[in-house]
Amino acid sequence: MRAACWYGTHDVRIAEKPDPQILQPTDAIIRVTTAAICGSDLHMYDGYIMTMKPGDVLGHEAMGIVVEVGSDVQTLSPGDRIVVAFPIACGKCWYCQHDMQSLCDNSNPNAQLPEKLYGSSPAGLYGYSHAFGGFPGGQAEYLRVPFADHGHVKVPDHLDDEQVLFLSDVLSTGWYASDNADIEQGDDVAVWGAGPVGQFAMLAARKMGAGRVFAIDHSRRRLCMAEEYTGATPIDHEKHGLMGVQRELRLRTGGRGPDRAIDAAGMESTDGLLGTYHKAKQWMRLEQDRPVALTEAIMACRKGGTVSVPGVFTGLIDKFPMGALFSKGLTMRGGQTPVQRYADDLLGMIDRGEIDPTFIITQRISLDEVPDAYAMLRESKDAAVKIVVKP
Amino acid sequence: MRASSAAHGAGMSLRRRNVGPTDRLASAMLGVGALMFLRGRHRSLASGLMAVAGVSLIARAMSGHSKIYQLAGVSSESLDHGAGINIETAITIDRPRDELYEFWSDLRNLPVVMHHLESVEPVGEGVTRWTALGPRNMVVTWDARVINEQPGRFIAWSSLPGSDIDQSGSVHFEDAGDKGTELRLKLRYVPKGMEAGFGIAKILNPITQAEVDEDLRRFKRAMELGSPVYANVEVVAR
């Protein structure tokens with residue numbers, strides 16, 4: 001089969017890979033009908049995620065038609081149309097049984113690697129380095145789905161691929177982000193990063209009863225999208241600069257700051273002087289992750305508020321405002337999304353027409369165009385928001 | 001207790017090292033702390049005694065020798081690296097305590113879990129023969145016996161006197177509510193005598209904390225899933 005593979009920093013190629021096989025009786029294999037490139041794929045593209053090996057298949061947002069199932073798969077048969085949940089979950093361990101599938105105890109065969117970094121290992125992930133299992137990803141013609149009974153959302157025929165694809169990650173992650181933020185009726189919510197996750201976090205915040213929602217980004221295109229589809233108030237980071245965003249948020253929230261702050265930018269946030277400082281340190285390998293948006297979120301959040309972190313972090317950060325977190329009595333939550341927890345509810349909302357996640361799509365491309373698409377997404381946040389791939 | 005042959009050679013047999021690295025660091029910190037505390041204070045009997053204590057703590061940290069330990073016939077050296085391999089690990093497995101105990105209580109099952117063991121076979125009268133395989137297929141064998149056991153709770157075993165290696169271990173099982181069972185494993189390998197000890201340390205080289213951690217993770221997956229987890233074809237082929 002053909003697949004988009006990582007060969008090094010800023011080096012993604014379409015390569016011929018062996019077709020996936022059923023390796024365990026709990027596996028299924030799908031023919032990928034639609035996949036997507038995620039902002040977090042850029043972390044590998046930019047070389048910030050260690051333990052990638054040349055030839056690794058990328059992608060953790062995919063859906064398709066089941067072509068083969070292992071002998072122990074109970075809930076799927078060939079011909080079923082499924083969206084694949086990006087965290088691989090065994091379905092048996094305590095975490096899976098408590099709806100924390102992204103923290104599965106058993107699905108990462110290389111658990112000893114994250115254990116050294118984090119103390120214990122989260123779930124295995126598709127196409128996300130060997131530290132997270134070394135599972136081939138979904139930007140390919142075929143994808144093996146391990147523990148298939150516990151890692152899919154079956155979708156009805158009357159819904160298009162594009163309507164349901166984002167259940168795999170970004171839609172569910174947006175919902176998880178707002179859920180983690182403990183949003184209460186009338187709350188002011190500020191979201192850093194108006195990428196796909198940020199857009200859906202704003203949409204979720206609305207659905208959860210938020211009052212004012214603020215979108216913070218430096219991309220005009222993304223800010224306009226947030227304003228149009230989620231009713232968020234755009235705050236242009238470029239215009240306000242360092243500390244300016246905090247001030248702007250305070251002005252718009254009676255001096256308190258937003259009740260809930262969501263960092264949907266994560267380790268690659270870059271803005272301002274602080275961003276340059278962290279970028280230089282990251283380049284010199286003195287620091288792994290750049291916490292610019294996170295720092296700002298913590299500083300801006302009102303006392304006693306919640307900081308939710310759907311943006312990806314992988315390692316250590318410097319100049320973390322622990323004093324602010326502590327002194328203002330903030331609660332902070334993060335982590336990869338237990339997609340399986342949210343999928344059914346979200347599928348219902350899509351089916352009933354309550355949400356239409358397709359608004360984030362800006363490009364539709366073939367597999368051959370994937371390497372260029374990575375470069376484009378890296379180059380400019382204005383050029384694309386969400387790129388879907390038709391293998 | 002390990003004696004340094006270098007110390008013997010230098011005619012320092014009376015000042016054998018008997019203070020371990022952790023103890024030495026702690027002594028140094030306490031000693032320096034005591035002296036800093038005393039800086040600029042009035043002289044009194046108490047501060048004089050404290051100064052003496054501080055200086056001797058620093059001295060013992062630097063030399064690794066404690067006269068007091070020597071007179072008392074003790075050493076803190078083996079507390080750190082011991083003369084052998086000490087491994088302790090714990091894991092929570094989402095299965096009933098009795099089921100896990102059942103598996104471990106038959107010591108013949110241990111090589112299934114622990115990769116450094118080749119076999120454990122009963123040889124009669126409660127004695128089992130253990131075989132471990134090292135690099136270059138070197139074989140180490142010893143006999144052991146269960147020395148303490150509480151059904152469903154714990155099993156402790158130890159090699160018989162006269163073995164090439166002192167091996168002992170224990171496994172404890174405790175209920176962890178809805179999380180299943182907490183399993184705690186201790187393994188101790190002590191080589192007999194210095195020279196042989198080095199040889200055996202080499203033979204048992206593959207036994208590391210990380211190895212045993214991984215062994216227990218495999219065991220957890222076998223109990224919870226009934227199989228290991230494979231990422232891709234290459235991993236299965238390996």
# chains A, B, ... in the order shown; residues from 1 in each chain; ligands from 1

$ interface_residues --of "chain A" --to "chain B" --cutoff "8 Å" --atoms "only C-alpha atoms" --output "PyMOL selection string"
chain A and resi 20-21+23-24+90+92-94+106-109+112+133-136

$ select_by_dssp --residues "segment 154-185 of chain B" --states "strand (DSSP E or B)" --output "PyMOL selection string"
chain B and resi 154-159+165-175+181-185

$ residues_around --residues "Thr337 of chain A" --least-positions-apart "3" --cutoff "8 Å" --atoms "only C-alpha atoms" --output "count of residues only"
7

$ residues_around --residues "segment 63-74 of chain A" --least-positions-apart "6" --cutoff "6 Å" --atoms "only C-alpha atoms" --output "list in words"
Pro25, Thr26, Asp27, Ala28, Ile29, Ile30, Arg31, Val32, Thr33, Thr34, Asp80, Arg81, Ile82, Val83 and Val84 of chain A

$ residues_around --residues "segment 101-118 of chain B" --least-positions-apart "4" --cutoff "7 Å" --atoms "only C-alpha atoms" --output "PyMOL selection string"
chain B and resi 97+131-133+152+206-207+212+215-216+219

$ write_last_selection --atoms "C-alpha atoms" --output "mmCIF file, in the first residue's frame"
data_model
loop_
_atom_site.group_PDB
_atom_site.id
_atom_site.type_symbol
_atom_site.label_atom_id
_atom_site.label_comp_id
_atom_site.auth_asym_id
_atom_site.auth_seq_id
_atom_site.Cartn_x
_atom_site.Cartn_y
_atom_site.Cartn_z
ATOM 1 C CA ARG B 97 -5.993 -11.737 44.204
ATOM 2 C CA THR B 131 18.100 -22.608 36.537
ATOM 3 C CA ALA B 132 19.011 -19.226 35.111
ATOM 4 C CA LEU B 133 20.596 -18.663 31.740
ATOM 5 C CA GLY B 152 -3.621 -15.818 48.805
ATOM 6 C CA PRO B 206 20.666 -9.515 32.268
ATOM 7 C CA ILE B 207 18.724 -9.294 35.512
ATOM 8 C CA VAL B 212 11.893 -7.393 35.807
ATOM 9 C CA ASP B 215 8.519 -9.040 32.868
ATOM 10 C CA LEU B 216 5.745 -7.985 35.221
ATOM 11 C CA PHE B 219 2.489 -10.784 33.076
#

$ atom_distance --atom1 "atom CA of Met1 of chain A" --atom2 "atom CA of Gly55 of chain A"
13.1 Å

$ decode --residues "segment 12-37 of chain A" --atoms "N, CA and C atoms" --output "PDB file, in the first residue's frame"
ATOM      1  N   VAL A  12       8.612  14.448   4.701  1.00  0.00           N
ATOM      2  CA  VAL A  12       7.523  13.476   4.625  1.00  0.00           C
ATOM      3  C   VAL A  12       7.430  13.029   3.172  1.00  0.00           C
ATOM      4  N   ARG A  13       7.371  11.708   2.958  1.00  0.00           N
ATOM      5  CA  ARG A  13       7.298  11.197   1.587  1.00  0.00           C
ATOM      6  C   ARG A  13       6.196  10.157   1.474  1.00  0.00           C
ATOM      7  N   ILE A  14       5.706  10.005   0.263  1.00  0.00           N
ATOM      8  CA  ILE A  14       4.781   8.911   0.002  1.00  0.00           C
ATOM      9  C   ILE A  14       5.633   7.690  -0.337  1.00  0.00           C
ATOM     10  N   ALA A  15       5.438   6.611   0.421  1.00  0.00           N
ATOM     11  CA  ALA A  15       6.269   5.424   0.213  1.00  0.00           C
ATOM     12  C   ALA A  15       5.387   4.184   0.113  1.00  0.00           C
ATOM     13  N   GLU A  16       5.945   3.167  -0.474  1.00  0.00           N
ATOM     14  CA  GLU A  16       5.263   1.873  -0.566  1.00  0.00           C
ATOM     15  C   GLU A  16       5.558   1.109   0.730  1.00  0.00           C
ATOM     16  N   LYS A  17       4.497   0.702   1.439  1.00  0.00           N
ATOM     17  CA  LYS A  17       4.665  -0.050   2.687  1.00  0.00           C
ATOM     18  C   LYS A  17       3.911  -1.375   2.555  1.00  0.00           C
ATOM     19  N   PRO A  18       4.299  -2.387   3.338  1.00  0.00           N
ATOM     20  CA  PRO A  18       3.528  -3.638   3.281  1.00  0.00           C
ATOM     21  C   PRO A  18       2.090  -3.410   3.749  1.00  0.00           C
ATOM     22  N   ASP A  19       1.132  -4.075   3.125  1.00  0.00           N
ATOM     23  CA  ASP A  19      -0.254  -3.978   3.591  1.00  0.00           C
ATOM     24  C   ASP A  19      -0.328  -4.461   5.035  1.00  0.00           C
ATOM     25  N   PRO A  20      -1.151  -3.808   5.856  1.00  0.00           N
ATOM     26  CA  PRO A  20      -1.274  -4.301   7.235  1.00  0.00           C
ATOM     27  C   PRO A  20      -1.910  -5.696   7.258  1.00  0.00           C
ATOM     28  N   GLN A  21      -1.561  -6.458   8.288  1.00  0.00           N
ATOM     29  CA  GLN A  21      -2.150  -7.794   8.457  1.00  0.00           C
ATOM     30  C   GLN A  21      -2.815  -7.873   9.822  1.00  0.00           C
ATOM     31  N   ILE A  22      -3.702  -8.856   9.957  1.00  0.00           N
ATOM     32  CA  ILE A  22      -4.255  -9.160  11.278  1.00  0.00           C
ATOM     33  C   ILE A  22      -3.134  -9.818  12.076  1.00  0.00           C
ATOM     34  N   LEU A  23      -2.666  -9.142  13.121  1.00  0.00           N
ATOM     35  CA  LEU A  23      -1.567  -9.689  13.917  1.00  0.00           C
ATOM     36  C   LEU A  23      -2.081 -10.328  15.190  1.00  0.00           C
ATOM     37  N   GLN A  24      -3.245  -9.890  15.626  1.00  0.00           N
ATOM     38  CA  GLN A  24      -3.842 -10.428  16.843  1.00  0.00           C
ATOM     39  C   GLN A  24      -5.329 -10.599  16.581  1.00  0.00           C
ATOM     40  N   PRO A  25      -5.946 -11.562  17.233  1.00  0.00           N
ATOM     41  CA  PRO A  25      -7.354 -11.851  16.922  1.00  0.00           C
ATOM     42  C   PRO A  25      -8.310 -10.699  17.217  1.00  0.00           C
ATOM     43  N   THR A  26      -7.837  -9.695  17.967  1.00  0.00           N
ATOM     44  CA  THR A  26      -8.698  -8.553  18.292  1.00  0.00           C
ATOM     45  C   THR A  26      -8.538  -7.409  17.282  1.00  0.00           C
ATOM     46  N   ASP A  27      -7.759  -7.631  16.223  1.00  0.00           N
ATOM     47  CA  ASP A  27      -7.503  -6.587  15.218  1.00  0.00           C
ATOM     48  C   ASP A  27      -8.598  -6.511  14.161  1.00  0.00           C
ATOM     49  N   ALA A  28      -8.702  -5.341  13.542  1.00  0.00           N
ATOM     50  CA  ALA A  28      -9.463  -5.206  12.295  1.00  0.00           C
ATOM     51  C   ALA A  28      -8.588  -4.401  11.339  1.00  0.00           C
ATOM     52  N   ILE A  29      -8.879  -4.499  10.050  1.00  0.00           N
ATOM     53  CA  ILE A  29      -8.164  -3.685   9.069  1.00  0.00           C
ATOM     54  C   ILE A  29      -9.192  -2.907   8.265  1.00  0.00           C
ATOM     55  N   ILE A  30      -8.917  -1.617   8.073  1.00  0.00           N
ATOM     56  CA  ILE A  30      -9.832  -0.812   7.263  1.00  0.00           C
ATOM     57  C   ILE A  30      -9.121  -0.319   6.004  1.00  0.00           C
ATOM     58  N   ARG A  31      -9.933  -0.149   4.955  1.00  0.00           N
ATOM     59  CA  ARG A  31      -9.466   0.601   3.788  1.00  0.00           C
ATOM     60  C   ARG A  31      -9.814   2.051   4.093  1.00  0.00           C
ATOM     61  N   VAL A  32      -8.795   2.895   4.175  1.00  0.00           N
ATOM     62  CA  VAL A  32      -9.014   4.278   4.598  1.00  0.00           C
ATOM     63  C   VAL A  32      -9.730   5.041   3.485  1.00  0.00           C
ATOM     64  N   THR A  33     -10.879   5.621   3.831  1.00  0.00           N
ATOM     65  CA  THR A  33     -11.605   6.420   2.841  1.00  0.00           C
ATOM     66  C   THR A  33     -11.316   7.907   3.008  1.00  0.00           C
ATOM     67  N   THR A  34     -11.142   8.349   4.259  1.00  0.00           N
ATOM     68  CA  THR A  34     -10.753   9.735   4.507  1.00  0.00           C
ATOM     69  C   THR A  34      -9.856   9.794   5.738  1.00  0.00           C
ATOM     70  N   ALA A  35      -8.815  10.598   5.640  1.00  0.00           N
ATOM     71  CA  ALA A  35      -7.925  10.830   6.785  1.00  0.00           C
ATOM     72  C   ALA A  35      -7.717  12.336   6.887  1.00  0.00           C
ATOM     73  N   ALA A  36      -6.977  12.760   7.906  1.00  0.00           N
ATOM     74  CA  ALA A  36      -6.713  14.193   8.042  1.00  0.00           C
ATOM     75  C   ALA A  36      -5.320  14.405   8.593  1.00  0.00           C
ATOM     76  N   ILE A  37      -4.814  15.614   8.341  1.00  0.00           N
ATOM     77  CA  ILE A  37      -3.541  16.012   8.940  1.00  0.00           C
ATOM     78  C   ILE A  37      -3.888  16.845  10.166  1.00  0.00           C
TER      79      ILE A  37
END
